[in-house]
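The file final.pdb comes next; it holds PDB, C-alpha atoms, pLDDT in the B column.
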MODEL        1
ATOM      1  CA  MET L1122       0.000   0.000   0.000  1.00 50.00           C
ATOM      2  CA  GLY L1123       0.996   3.630   0.078  1.00 66.00           C
ATOM      3  CA  GLN L1124       2.059   4.155  -3.518  1.00 94.00           C
ATOM      4  CA  VAL L1125       1.641   7.637  -4.981  1.00 98.00           C
ATOM      5  CA  ILE L1126       0.639   8.040  -8.620  1.00 98.00           C
ATOM      6  CA  ALA L1127       0.349  11.243 -10.614  1.00 98.00           C
ATOM      7  CA  VAL L1128      -2.390  11.244 -13.253  1.00 98.00           C
ATOM      8  CA  ILE L1129      -1.680  13.834 -15.932  1.00 98.00           C
ATOM      9  CA  GLY L1130      -4.852  14.960 -17.664  1.00 98.00           C
ATOM     10  CA  ALA L1131      -8.222  15.579 -15.977  1.00 98.00           C
ATOM     11  CA  GLY L1132     -10.567  14.660 -18.814  1.00 96.00           C
ATOM     12  CA  THR L1133     -13.091  11.831 -18.702  1.00 95.00           C
ATOM     13  CA  MET L1134     -10.520   9.031 -18.604  1.00 96.00           C
ATOM     14  CA  GLY L1135      -8.194  10.857 -16.224  1.00 98.00           C
ATOM     15  CA  ALA L1136     -11.030  11.394 -13.757  1.00 98.00           C
ATOM     16  CA  GLN L1137     -12.224   7.796 -13.986  1.00 97.00           C
ATOM     17  CA  ILE L1138      -8.734   6.348 -13.535  1.00 98.00           C
ATOM     18  CA  THR L1139      -8.073   8.668 -10.600  1.00 98.00           C
ATOM     19  CA  GLN L1140     -11.286   7.455  -8.960  1.00 98.00           C
ATOM     20  CA  VAL L1141     -10.361   3.785  -9.302  1.00 98.00           C
ATOM     21  CA  LEU L1142      -6.800   4.251  -8.072  1.00 98.00           C
ATOM     22  CA  ALA L1143      -7.954   6.252  -5.047  1.00 98.00           C
ATOM     23  CA  THR L1144     -10.691   3.732  -4.257  1.00 98.00           C
ATOM     24  CA  PHE L1145      -8.069   0.993  -4.020  1.00 97.00           C
ATOM     25  CA  GLY L1146      -5.737   2.870  -1.713  1.00 97.00           C
ATOM     26  CA  PHE L1147      -3.396   4.819  -3.971  1.00 98.00           C
ATOM     27  CA  GLU L1148      -2.685   8.458  -3.224  1.00 98.00           C
ATOM     28  CA  VAL L1149      -3.410  10.241  -6.505  1.00 98.00           C
ATOM     29  CA  ARG L1150      -2.272  13.660  -7.654  1.00 98.00           C
ATOM     30  CA  LEU L1151      -4.479  14.733 -10.539  1.00 98.00           C
ATOM     31  CA  HIS L1152      -2.892  17.348 -12.784  1.00 98.00           C
ATOM     32  CA  ASP L1153      -4.264  19.591 -15.478  1.00 98.00           C
ATOM     33  CA  LEU L1154      -3.437  23.036 -16.800  1.00 96.00           C
ATOM     34  CA  ASP L1155      -6.866  24.438 -15.921  1.00 94.00           C
ATOM     35  CA  ASP L1156      -8.457  24.707 -12.467  1.00 97.00           C
ATOM     36  CA  ALA L1157     -11.918  24.505 -14.035  1.00 97.00           C
ATOM     37  CA  ARG L1158     -11.103  21.143 -15.634  1.00 97.00           C
ATOM     38  CA  LEU L1159      -9.795  19.867 -12.321  1.00 98.00           C
ATOM     39  CA  ALA L1160     -12.961  20.983 -10.531  1.00 98.00           C
ATOM     40  CA  ALA L1161     -15.112  19.312 -13.186  1.00 97.00           C
ATOM     41  CA  ALA L1162     -13.107  16.097 -12.809  1.00 98.00           C
ATOM     42  CA  VAL L1163     -13.578  16.070  -9.043  1.00 98.00           C
ATOM     43  CA  GLY L1164     -17.314  16.562  -9.565  1.00 97.00           C
ATOM     44  CA  ARG L1165     -17.387  13.653 -12.004  1.00 96.00           C
ATOM     45  CA  ILE L1166     -15.499  11.451  -9.537  1.00 98.00           C
ATOM     46  CA  GLN L1167     -17.960  12.298  -6.781  1.00 97.00           C
ATOM     47  CA  ARG L1168     -21.263  12.522  -8.624  1.00 96.00           C
ATOM     48  CA  GLY L1169     -20.862  11.022 -12.109  1.00 94.00           C
ATOM     49  CA  ARG L1170     -22.889   8.090 -13.396  1.00 93.00           C
ATOM     50  CA  PHE L1171     -20.077   5.722 -12.399  1.00 94.00           C
ATOM     51  CA  GLY L1172     -18.799   7.946  -9.590  1.00 96.00           C
ATOM     52  CA  LEU L1173     -18.369   7.329  -5.893  1.00 97.00           C
ATOM     53  CA  ASP L1174     -21.829   8.491  -4.828  1.00 97.00           C
ATOM     54  CA  ARG L1175     -23.401   6.105  -7.314  1.00 96.00           C
ATOM     55  CA  GLY L1176     -21.140   3.324  -6.043  1.00 96.00           C
ATOM     56  CA  VAL L1177     -22.446   3.889  -2.531  1.00 97.00           C
ATOM     57  CA  GLU L1178     -26.054   3.882  -3.778  1.00 97.00           C
ATOM     58  CA  ARG L1179     -25.449   0.536  -5.487  1.00 95.00           C
ATOM     59  CA  ALA L1180     -23.668  -0.880  -2.407  1.00 95.00           C
ATOM     60  CA  LYS L1181     -20.421  -1.336  -4.338  1.00 94.00           C
ATOM     61  CA  LEU L1182     -18.608   0.534  -1.553  1.00 95.00           C
ATOM     62  CA  THR L1183     -19.498   2.130   1.748  1.00 97.00           C
ATOM     63  CA  ALA L1184     -19.877   5.825   2.460  1.00 97.00           C
ATOM     64  CA  ASP L1185     -16.687   5.650   4.526  1.00 98.00           C
ATOM     65  CA  GLN L1186     -14.789   4.050   1.633  1.00 97.00           C
ATOM     66  CA  ALA L1187     -16.024   6.735  -0.733  1.00 97.00           C
ATOM     67  CA  ARG L1188     -15.007   9.468   1.701  1.00 98.00           C
ATOM     68  CA  ASP L1189     -11.565   7.907   2.168  1.00 98.00           C
ATOM     69  CA  ALA L1190     -11.093   7.652  -1.595  1.00 98.00           C
ATOM     70  CA  MET L1191     -11.870  11.348  -2.033  1.00 98.00           C
ATOM     71  CA  GLY L1192      -9.390  12.089   0.735  1.00 98.00           C
ATOM     72  CA  ARG L1193      -6.622  10.378  -1.222  1.00 98.00           C
ATOM     73  CA  ILE L1194      -7.108  12.667  -4.253  1.00 98.00           C
ATOM     74  CA  SER L1195      -5.385  16.015  -4.604  1.00 98.00           C
ATOM     75  CA  THR L1196      -5.358  18.329  -7.617  1.00 98.00           C
ATOM     76  CA  THR L1197      -2.763  20.714  -8.953  1.00 98.00           C
ATOM     77  CA  THR L1198      -1.911  22.795 -12.011  1.00 98.00           C
ATOM     78  CA  SER L1199       1.801  22.434 -11.232  1.00 98.00           C
ATOM     79  CA  LEU L1200       3.439  19.523 -13.018  1.00 98.00           C
ATOM     80  CA  GLU L1201       6.396  19.739 -10.661  1.00 98.00           C
ATOM     81  CA  ALA L1202       4.149  19.435  -7.600  1.00 98.00           C
ATOM     82  CA  ALA L1203       2.214  16.566  -9.148  1.00 98.00           C
ATOM     83  CA  CYS L1204       5.374  14.571  -9.846  1.00 97.00           C
ATOM     84  CA  ALA L1205       7.420  15.197  -6.711  1.00 97.00           C
ATOM     85  CA  GLY L1206       8.255  11.901  -5.007  1.00 96.00           C
ATOM     86  CA  VAL L1207       5.745   9.758  -6.910  1.00 98.00           C
ATOM     87  CA  ASP L1208       6.105   6.047  -7.647  1.00 98.00           C
ATOM     88  CA  GLY L1209       4.466   6.329 -11.040  1.00 98.00           C
ATOM     89  CA  VAL L1210       3.074   8.803 -13.538  1.00 98.00           C
ATOM     90  CA  LEU L1211       0.181   7.920 -15.831  1.00 98.00           C
ATOM     91  CA  GLU L1212      -0.450  10.384 -18.657  1.00 98.00           C
ATOM     92  CA  VAL L1213      -3.980  10.680 -19.979  1.00 98.00           C
ATOM     93  CA  VAL L1214      -3.657  13.651 -22.336  1.00 97.00           C
ATOM     94  CA  PHE L1215      -4.966  14.066 -25.892  1.00 95.00           C
ATOM     95  CA  GLU L1216      -4.139  11.270 -28.335  1.00 95.00           C
ATOM     96  CA  ASP L1217      -1.380  13.153 -30.134  1.00 96.00           C
ATOM     97  CA  LEU L1218       2.076  11.577 -30.385  1.00 96.00           C
ATOM     98  CA  SER L1219       3.988  14.863 -30.516  1.00 97.00           C
ATOM     99  CA  LEU L1220       2.139  16.150 -27.455  1.00 98.00           C
ATOM    100  CA  LYS L1221       2.761  12.961 -25.517  1.00 98.00           C
ATOM    101  CA  MET L1222       6.442  12.817 -26.472  1.00 98.00           C
ATOM    102  CA  ALA L1223       6.914  16.428 -25.371  1.00 98.00           C
ATOM    103  CA  LEU L1224       5.226  15.605 -22.073  1.00 98.00           C
ATOM    104  CA  PHE L1225       7.437  12.550 -21.492  1.00 98.00           C
ATOM    105  CA  ARG L1226      10.545  14.657 -22.178  1.00 98.00           C
ATOM    106  CA  ARG L1227       9.349  17.119 -19.566  1.00 98.00           C
ATOM    107  CA  LEU L1228       8.386  14.438 -17.055  1.00 98.00           C
ATOM    108  CA  ASP L1229      11.679  12.544 -17.233  1.00 98.00           C
ATOM    109  CA  PRO L1230      13.815  14.985 -15.179  1.00 98.00           C
ATOM    110  CA  LEU L1231      10.969  15.824 -12.773  1.00 98.00           C
ATOM    111  CA  VAL L1232      10.671  12.345 -11.252  1.00 97.00           C
ATOM    112  CA  GLY L1233      13.008  10.048  -9.369  1.00 96.00           C
ATOM    113  CA  ALA L1234      15.230   7.512 -11.078  1.00 96.00           C
ATOM    114  CA  GLY L1235      12.957   4.643 -10.068  1.00 96.00           C
ATOM    115  CA  THR L1236       9.690   6.240 -11.139  1.00 98.00           C
ATOM    116  CA  ILE L1237       7.656   4.504 -13.859  1.00 98.00           C
ATOM    117  CA  LEU L1238       6.232   6.607 -16.691  1.00 98.00           C
ATOM    118  CA  ALA L1239       3.073   5.092 -18.152  1.00 98.00           C
ATOM    119  CA  SER L1240       0.718   6.121 -20.935  1.00 98.00           C
ATOM    120  CA  ASN L1241      -2.989   5.428 -21.304  1.00 98.00           C
ATOM    121  CA  THR L1242      -2.671   5.854 -25.074  1.00 96.00           C
ATOM    122  CA  ALA L1243      -5.252   3.866 -27.007  1.00 92.00           C
ATOM    123  CA  GLY L1244      -2.828   3.032 -29.776  1.00 93.00           C
ATOM    124  CA  LEU L1245       0.274   5.226 -30.123  1.00 96.00           C
ATOM    125  CA  SER L1246       3.798   3.831 -29.990  1.00 96.00           C
ATOM    126  CA  ILE L1247       5.174   3.155 -26.521  1.00 98.00           C
ATOM    127  CA  ALA L1248       8.646   2.801 -28.030  1.00 97.00           C
ATOM    128  CA  ALA L1249       8.413   6.380 -29.305  1.00 97.00           C
ATOM    129  CA  LEU L1250       7.428   7.632 -25.861  1.00 98.00           C
ATOM    130  CA  ALA L1251      10.230   5.627 -24.265  1.00 98.00           C
ATOM    131  CA  GLY L1252      12.687   7.137 -26.741  1.00 97.00           C
ATOM    132  CA  ALA L1253      11.771  10.606 -25.501  1.00 98.00           C
ATOM    133  CA  THR L1254      13.192   9.744 -22.067  1.00 98.00           C
ATOM    134  CA  GLU L1255      16.411   8.613 -20.443  1.00 98.00           C
ATOM    135  CA  ARG L1256      14.542   5.697 -18.787  1.00 98.00           C
ATOM    136  CA  PRO L1257      13.171   3.510 -21.619  1.00 98.00           C
ATOM    137  CA  GLY L1258      13.106   0.472 -19.337  1.00 98.00           C
ATOM    138  CA  ARG L1259      10.643   2.242 -17.049  1.00 98.00           C
ATOM    139  CA  VAL L1260       8.165   3.310 -19.761  1.00 98.00           C
ATOM    140  CA  ILE L1261       5.042   1.247 -20.423  1.00 98.00           C
ATOM    141  CA  GLY L1262       1.553   1.505 -21.861  1.00 98.00           C
ATOM    142  CA  TRP L1263      -1.147   1.198 -19.199  1.00 98.00           C
ATOM    143  CA  HIS L1264      -4.347   1.226 -21.241  1.00 97.00           C
ATOM    144  CA  TRP L1265      -7.687   1.424 -19.410  1.00 97.00           C
ATOM    145  CA  PHE L1266     -11.197   0.962 -20.752  1.00 93.00           C
ATOM    146  CA  GLN L1267     -14.197   3.034 -19.812  1.00 88.00           C
ATOM    147  CA  PRO L1268     -16.171   3.160 -17.683  1.00 91.00           C
ATOM    148  CA  CYS L1269     -13.008   2.447 -15.716  1.00 95.00           C
ATOM    149  CA  ALA L1270     -14.842   1.587 -12.509  1.00 94.00           C
ATOM    150  CA  VAL L1271     -16.709  -1.185 -14.357  1.00 92.00           C
ATOM    151  CA  MET L1272     -14.502  -2.564 -17.136  1.00 92.00           C
ATOM    152  CA  ARG L1273     -12.105  -5.209 -15.857  1.00 94.00           C
ATOM    153  CA  LEU L1274      -9.442  -5.132 -18.567  1.00 96.00           C
ATOM    154  CA  ASN L1275      -6.122  -3.320 -18.273  1.00 97.00           C
ATOM    155  CA  GLU L1276      -3.962  -3.752 -21.382  1.00 98.00           C
ATOM    156  CA  LEU L1277      -0.249  -3.371 -20.593  1.00 98.00           C
ATOM    157  CA  VAL L1278       1.733  -2.469 -23.700  1.00 98.00           C
ATOM    158  CA  VAL L1279       5.389  -3.429 -23.630  1.00 98.00           C
ATOM    159  CA  ALA L1280       8.005  -1.828 -25.885  1.00 97.00           C
ATOM    160  CA  PRO L1281      11.276  -3.659 -26.616  1.00 96.00           C
ATOM    161  CA  ALA L1282      13.125  -1.740 -23.884  1.00 98.00           C
ATOM    162  CA  THR L1283      10.453  -2.076 -21.189  1.00 98.00           C
ATOM    163  CA  SER L1284      11.912  -4.023 -18.267  1.00 98.00           C
ATOM    164  CA  ASP L1285      10.341  -7.092 -16.698  1.00 98.00           C
ATOM    165  CA  ALA L1286      10.401  -5.260 -13.360  1.00 98.00           C
ATOM    166  CA  THR L1287       8.301  -2.439 -14.815  1.00 98.00           C
ATOM    167  CA  VAL L1288       5.759  -4.907 -16.181  1.00 98.00           C
ATOM    168  CA  ALA L1289       5.603  -6.694 -12.824  1.00 98.00           C
ATOM    169  CA  THR L1290       5.139  -3.463 -10.869  1.00 98.00           C
ATOM    170  CA  VAL L1291       2.380  -2.030 -13.052  1.00 98.00           C
ATOM    171  CA  SER L1292       0.700  -5.438 -13.201  1.00 98.00           C
ATOM    172  CA  SER L1293       0.605  -5.493  -9.401  1.00 98.00           C
ATOM    173  CA  TRP L1294      -0.891  -1.979  -9.319  1.00 98.00           C
ATOM    174  CA  ALA L1295      -3.582  -2.944 -11.819  1.00 98.00           C
ATOM    175  CA  GLU L1296      -4.404  -6.204 -10.045  1.00 98.00           C
ATOM    176  CA  ARG L1297      -4.689  -4.311  -6.769  1.00 97.00           C
ATOM    177  CA  CYS L1298      -7.442  -2.294  -8.495  1.00 97.00           C
ATOM    178  CA  GLY L1299      -9.258  -5.524  -9.338  1.00 97.00           C
ATOM    179  CA  LYS L1300      -8.266  -5.465 -12.999  1.00 98.00           C
ATOM    180  CA  SER L1301      -7.572  -8.373 -15.332  1.00 97.00           C
ATOM    181  CA  VAL L1302      -4.114  -7.701 -16.772  1.00 98.00           C
ATOM    182  CA  ARG L1303      -3.212  -8.665 -20.329  1.00 97.00           C
ATOM    183  CA  VAL L1304       0.316  -7.939 -21.551  1.00 98.00           C
ATOM    184  CA  VAL L1305       0.729  -7.217 -25.266  1.00 97.00           C
ATOM    185  CA  GLY L1306       3.475  -6.028 -27.560  1.00 96.00           C
ATOM    186  CA  ASP L1307       4.014  -2.624 -29.144  1.00 95.00           C
ATOM    187  CA  ASN L1308       3.874  -2.143 -32.926  1.00 90.00           C
ATOM    188  CA  PRO L1309       5.054   1.385 -33.839  1.00 86.00           C
ATOM    189  CA  ARG L1310       3.916   0.944 -37.464  1.00 85.00           C
ATOM    190  CA  THR L1311       0.227   0.401 -36.673  1.00 84.00           C
ATOM    191  CA  TRP L1312      -2.187   2.484 -34.606  1.00 85.00           C
ATOM    192  CA  GLY L1313      -4.025   0.624 -31.889  1.00 85.00           C
ATOM    193  CA  HIS L1314      -2.893  -2.052 -29.513  1.00 88.00           C
ATOM    194  CA  VAL L1315      -4.550  -5.461 -29.618  1.00 91.00           C
ATOM    195  CA  ALA L1316      -7.929  -4.491 -28.142  1.00 90.00           C
ATOM    196  CA  ASN L1317      -8.463  -1.411 -30.281  1.00 89.00           C
ATOM    197  CA  ARG L1318      -7.267  -3.051 -33.493  1.00 92.00           C
ATOM    198  CA  LEU L1319      -9.822  -5.822 -33.028  1.00 91.00           C
ATOM    199  CA  ASN L1320     -12.522  -3.377 -31.938  1.00 88.00           C
ATOM    200  CA  GLU L1321     -11.954  -1.072 -34.893  1.00 89.00           C
ATOM    201  CA  ALA L1322     -12.127  -3.994 -37.325  1.00 93.00           C
ATOM    202  CA  VAL L1323     -15.519  -5.002 -35.908  1.00 93.00           C
ATOM    203  CA  ARG L1324     -16.799  -1.415 -35.933  1.00 93.00           C
ATOM    204  CA  ALA L1325     -15.699  -0.899 -39.528  1.00 94.00           C
ATOM    205  CA  GLU L1326     -17.512  -4.038 -40.658  1.00 96.00           C
ATOM    206  CA  ALA L1327     -20.583  -3.064 -38.606  1.00 96.00           C
ATOM    207  CA  ARG L1328     -20.662   0.328 -40.357  1.00 96.00           C
ATOM    208  CA  ARG L1329     -20.434  -1.403 -43.750  1.00 97.00           C
ATOM    209  CA  VAL L1330     -23.371  -3.665 -42.871  1.00 97.00           C
ATOM    210  CA  VAL L1331     -25.500  -0.637 -41.981  1.00 96.00           C
ATOM    211  CA  ASP L1332     -24.349   1.344 -45.048  1.00 97.00           C
ATOM    212  CA  GLU L1333     -25.309  -1.584 -47.278  1.00 98.00           C
ATOM    213  CA  GLY L1334     -28.816  -1.539 -45.795  1.00 97.00           C
ATOM    214  CA  LEU L1335     -28.589  -5.073 -44.435  1.00 97.00           C
ATOM    215  CA  ALA L1336     -29.539  -4.069 -40.883  1.00 97.00           C
ATOM    216  CA  ASP L1337     -29.835  -0.977 -38.741  1.00 96.00           C
ATOM    217  CA  ALA L1338     -27.475  -0.225 -35.855  1.00 95.00           C
ATOM    218  CA  ASP L1339     -29.831  -1.553 -33.173  1.00 95.00           C
ATOM    219  CA  THR L1340     -30.147  -4.856 -35.025  1.00 97.00           C
ATOM    220  CA  VAL L1341     -26.372  -5.182 -35.395  1.00 96.00           C
ATOM    221  CA  ASP L1342     -25.944  -4.548 -31.667  1.00 95.00           C
ATOM    222  CA  ALA L1343     -28.635  -7.125 -30.838  1.00 96.00           C
ATOM    223  CA  ILE L1344     -27.021  -9.743 -33.084  1.00 96.00           C
ATOM    224  CA  MET L1345     -23.652  -9.361 -31.362  1.00 94.00           C
ATOM    225  CA  ARG L1346     -25.239  -9.459 -27.908  1.00 93.00           C
ATOM    226  CA  GLU L1347     -27.555 -12.390 -28.555  1.00 96.00           C
ATOM    227  CA  GLY L1348     -25.462 -14.379 -31.013  1.00 96.00           C
ATOM    228  CA  PHE L1349     -21.977 -13.923 -29.572  1.00 93.00           C
ATOM    229  CA  ALA L1350     -22.725 -13.021 -25.931  1.00 93.00           C
ATOM    230  CA  TRP L1351     -21.135  -9.577 -26.228  1.00 89.00           C
ATOM    231  CA  PRO L1352     -22.166  -7.387 -23.279  1.00 85.00           C
ATOM    232  CA  MET L1353     -22.898  -4.600 -25.776  1.00 86.00           C
ATOM    233  CA  GLY L1354     -22.803  -4.219 -29.527  1.00 90.00           C
ATOM    234  CA  PRO L1355     -20.300  -2.191 -31.582  1.00 91.00           C
ATOM    235  CA  PHE L1356     -22.594   0.837 -31.872  1.00 92.00           C
ATOM    236  CA  GLU L1357     -23.580   0.774 -28.190  1.00 85.00           C
ATOM    237  CA  GLY L1358     -19.912   0.873 -27.293  1.00 66.00           C
ATOM    238  CA  GLN L1359     -19.578   4.238 -29.043  1.00 67.00           C
ATOM    239  CA  ARG L1360     -22.452   5.777 -27.057  1.00 58.00           C
ATOM    240  CA  LEU L1361     -21.247   5.215 -23.504  1.00 52.00           C
ATOM    241  CA  PRO L1362     -22.087   8.181 -21.234  1.00 49.00           C
ATOM    242  CA  GLU L1363     -19.519   9.650 -18.895  1.00 50.00           C
TER     243      GLU L1363
ENDMDL
END

Could you show the structure in this file as structure tokens?
Amino acid sequence: MGQVIAVIGAGTMGAQITQVLATFGFEVRLHDLDDARLAAAVGRIQRGRFGLDRGVERAKLTADQARDAMGRISTTTSLEAACAGVDGVLEVVFEDLSLKMALFRRLDPLVGAGTILASNTAGLSIAALAGATERPGRVIGWHWFQPCAVMRLNELVVAPATSDATVATVSSWAERCGKSVRVVGDNPRTWGHVANRLNEAVRAEARRVVDEGLADADTVDAIMREGFAWPMGPFEGQRLPE
């Protein structure tokens, strides 16, 4: 217990990941450039559809557990303050490789030598992010799926330089949060890790079926639910609320 993780980016995913980490005992420093975005994220964590208040209503956690989780979350617009003395940093900024590489270059000297730098990227190259640092062995993809409080999968994306110790540490953090960990490789030539490559292939074919007039979106979703036991169809998965 007792690990401290900085989450960089207070959008929908950043807020959801912060909530899960704090619920399972991590101290979380949530960073963004804008106080208003941080305030909105805290509101989402507390009162969102999959937030702590809703978890208490559904008896997924107690009021005391929810209160304690909120107490483990702090917010800051200072990247230096967010990263001071942390065990890990998880970036959850916009899906832009140049932006993420610039952030990793900035993060590298701000954290201790043993700190792990992780990315929630849905499909960008982990090797490229690792190459922007002086610690390639301690860089990894830590890809979550939303709603993060509900979806069990964490996809760990390993670049050639990622160390076994880094994989083991992040795996233990994810498992502590109740996640099912699947370790996959990194392919810099193709967007999307394993989950998103498969998902995009299904979505593309589903769109073709609808465009050809063979079925409407609701029918496609029903077929995948009822014929293949998917929890939701490919179109439903694109309409998840925050």

Set the distance at 10 Å and use only C-alpha atoms: which residues neighbour segment 1290-1295 of chain L once local chain neighbours fewer than 2 positions away are removed? I'd like the list as a PDB file with C-alpha atoms, in the frame of the given file.
ATOM      1  CA  MET L1122       0.000   0.000   0.000  1.00 50.00           C
ATOM      2  CA  GLN L1124       2.059   4.155  -3.518  1.00 94.00           C
ATOM      3  CA  VAL L1141     -10.361   3.785  -9.302  1.00 98.00           C
ATOM      4  CA  LEU L1142      -6.800   4.251  -8.072  1.00 98.00           C
ATOM      5  CA  PHE L1145      -8.069   0.993  -4.020  1.00 97.00           C
ATOM      6  CA  PHE L1147      -3.396   4.819  -3.971  1.00 98.00           C
ATOM      7  CA  GLY L1209       4.466   6.329 -11.040  1.00 98.00           C
ATOM      8  CA  ILE L1237       7.656   4.504 -13.859  1.00 98.00           C
ATOM      9  CA  ALA L1239       3.073   5.092 -18.152  1.00 98.00           C
ATOM     10  CA  ILE L1261       5.042   1.247 -20.423  1.00 98.00           C
ATOM     11  CA  GLY L1262       1.553   1.505 -21.861  1.00 98.00           C
ATOM     12  CA  TRP L1263      -1.147   1.198 -19.199  1.00 98.00           C
ATOM     13  CA  TRP L1265      -7.687   1.424 -19.410  1.00 97.00           C
ATOM     14  CA  ARG L1273     -12.105  -5.209 -15.857  1.00 94.00           C
ATOM     15  CA  LEU L1274      -9.442  -5.132 -18.567  1.00 96.00           C
ATOM     16  CA  ASN L1275      -6.122  -3.320 -18.273  1.00 97.00           C
ATOM     17  CA  GLU L1276      -3.962  -3.752 -21.382  1.00 98.00           C
ATOM     18  CA  LEU L1277      -0.249  -3.371 -20.593  1.00 98.00           C
ATOM     19  CA  ASP L1285      10.341  -7.092 -16.698  1.00 98.00           C
ATOM     20  CA  ALA L1286      10.401  -5.260 -13.360  1.00 98.00           C
ATOM     21  CA  THR L1287       8.301  -2.439 -14.815  1.00 98.00           C
ATOM     22  CA  VAL L1288       5.759  -4.907 -16.181  1.00 98.00           C
ATOM     23  CA  ARG L1297      -4.689  -4.311  -6.769  1.00 97.00           C
ATOM     24  CA  CYS L1298      -7.442  -2.294  -8.495  1.00 97.00           C
ATOM     25  CA  GLY L1299      -9.258  -5.524  -9.338  1.00 97.00           C
ATOM     26  CA  LYS L1300      -8.266  -5.465 -12.999  1.00 98.00           C
ATOM     27  CA  SER L1301      -7.572  -8.373 -15.332  1.00 97.00           C
ATOM     28  CA  VAL L1302      -4.114  -7.701 -16.772  1.00 98.00           C
ATOM     29  CA  ARG L1303      -3.212  -8.665 -20.329  1.00 97.00           C
ATOM     30  CA  VAL L1304       0.316  -7.939 -21.551  1.00 98.00           C
TER      31      VAL L1304
END

Test item: the PyMOL selection byres ((chain L and resi 1268) around 10) resolved as a PyMOL selection string: chain L and resi 1133-1134+1137-1138+1170-1172+1265-1267+1269-1273+1361-1363

Spatial neighbours of Ser1246 of chain L, max dist 7 Å, only C-alpha atoms, sep filter under 2 positions, as number ranges by chain: L: 1244, 1248-1250, 1307-1309

Length of the atom CA of Glu1321 of chain L to atom CA of Glu1357 of chain L vector [Å]: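 Atom-to-atom, atom CA of Glu1321 of chain L to atom CA of Glu1357 of chain L, that is 13.5 Å.
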
Leu1238 of chain L surroundings by all atoms listed in the file, 8 Å radius, close-in-sequence under 6 positions cut, as a list in words: Gly1209, Val1210, Leu1211, Glu1212, Phe1225, Arg1259, Val1260 and Ile1261 of chain L

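Distance annotation: of L:Glu1296, L:Asp1155, L:Glu1148, L:Asp1174, the residue with the minimal separation from Val1125 of chain L is L:Glu1148; atom set is all atoms listed in the file.
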
Closest of L:Ala1338, L:Ala1203, L:Ala1322, L:Val1315 to Ala1243 of chain L - atom-to-atom distances counting only C-alpha atoms: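 Distance minimum relative to Ala1243 of chain L lands on L:Val1315.
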
Atom pair atom CA of Ser1240 of chain L / atom CA of Gly1130 of chain L: separation (Å):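 If I compute the distance from atom CA of Ser1240 of chain L to atom CA of Gly1130 of chain L, I get 10.9 Å.
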
Nearest-residue call for Ser1199 of chain L, choices L:Asp1339, L:Ala1160, L:Ala1136, L:Ile1129, using only C-alpha atoms: L:Ile1129

Evaluate the PyMOL selection byres ((chain L and resi 1232) around 10) and report residues as a ChimeraX atom specification: /L:1201,1203-1210,1227-1231,1233-1238

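If you apply the PyMOL selection byres ((chain L and resi 1282) around 7) to this structure, you end up with Pro1257, Gly1258, Ala1280, Pro1281, Thr1283 and Ser1284 of chain L.
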
I'd like the box whose edges run along x, y and z of the file and which contains every listed atom of segment 1262-1271 of chain L, padded by 4 Å per side; could you state its centre and edge lengths in Å, one decimal, as AutoDock Vina command-line options?
--center_x -7.6 --center_y 1.0 --center_z -17.2 --size_x 26.3 --size_y 12.3 --size_z 17.4

d(atom CA of Ala1316 of chain L, atom CA of Gly1334 of chain L) in Å: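 These atoms are spaced 27.5 Å apart.
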
Residue nearest Gly1164 of chain L - candidates L:Asn1241, L:Thr1340, L:Gln1140, L:Asn1317, atoms counted: all atoms listed in the file: L:Gln1140

Closest of L:Ala1325, L:Ala1161, L:Gly1252, L:Thr1139 to Gly1192 of chain L - atom-to-atom distances counting only C-alpha atoms: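 Closest to Gly1192 of chain L, using only C-alpha atoms: L:Thr1139.
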
Pick from L:Asp1153, L:Val1330, L:Arg1226, L:Asn1320 nearest to Pro1355 of chain L, counting all atoms listed in the file: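 Closest to Pro1355 of chain L of all the choices is L:Asn1320.
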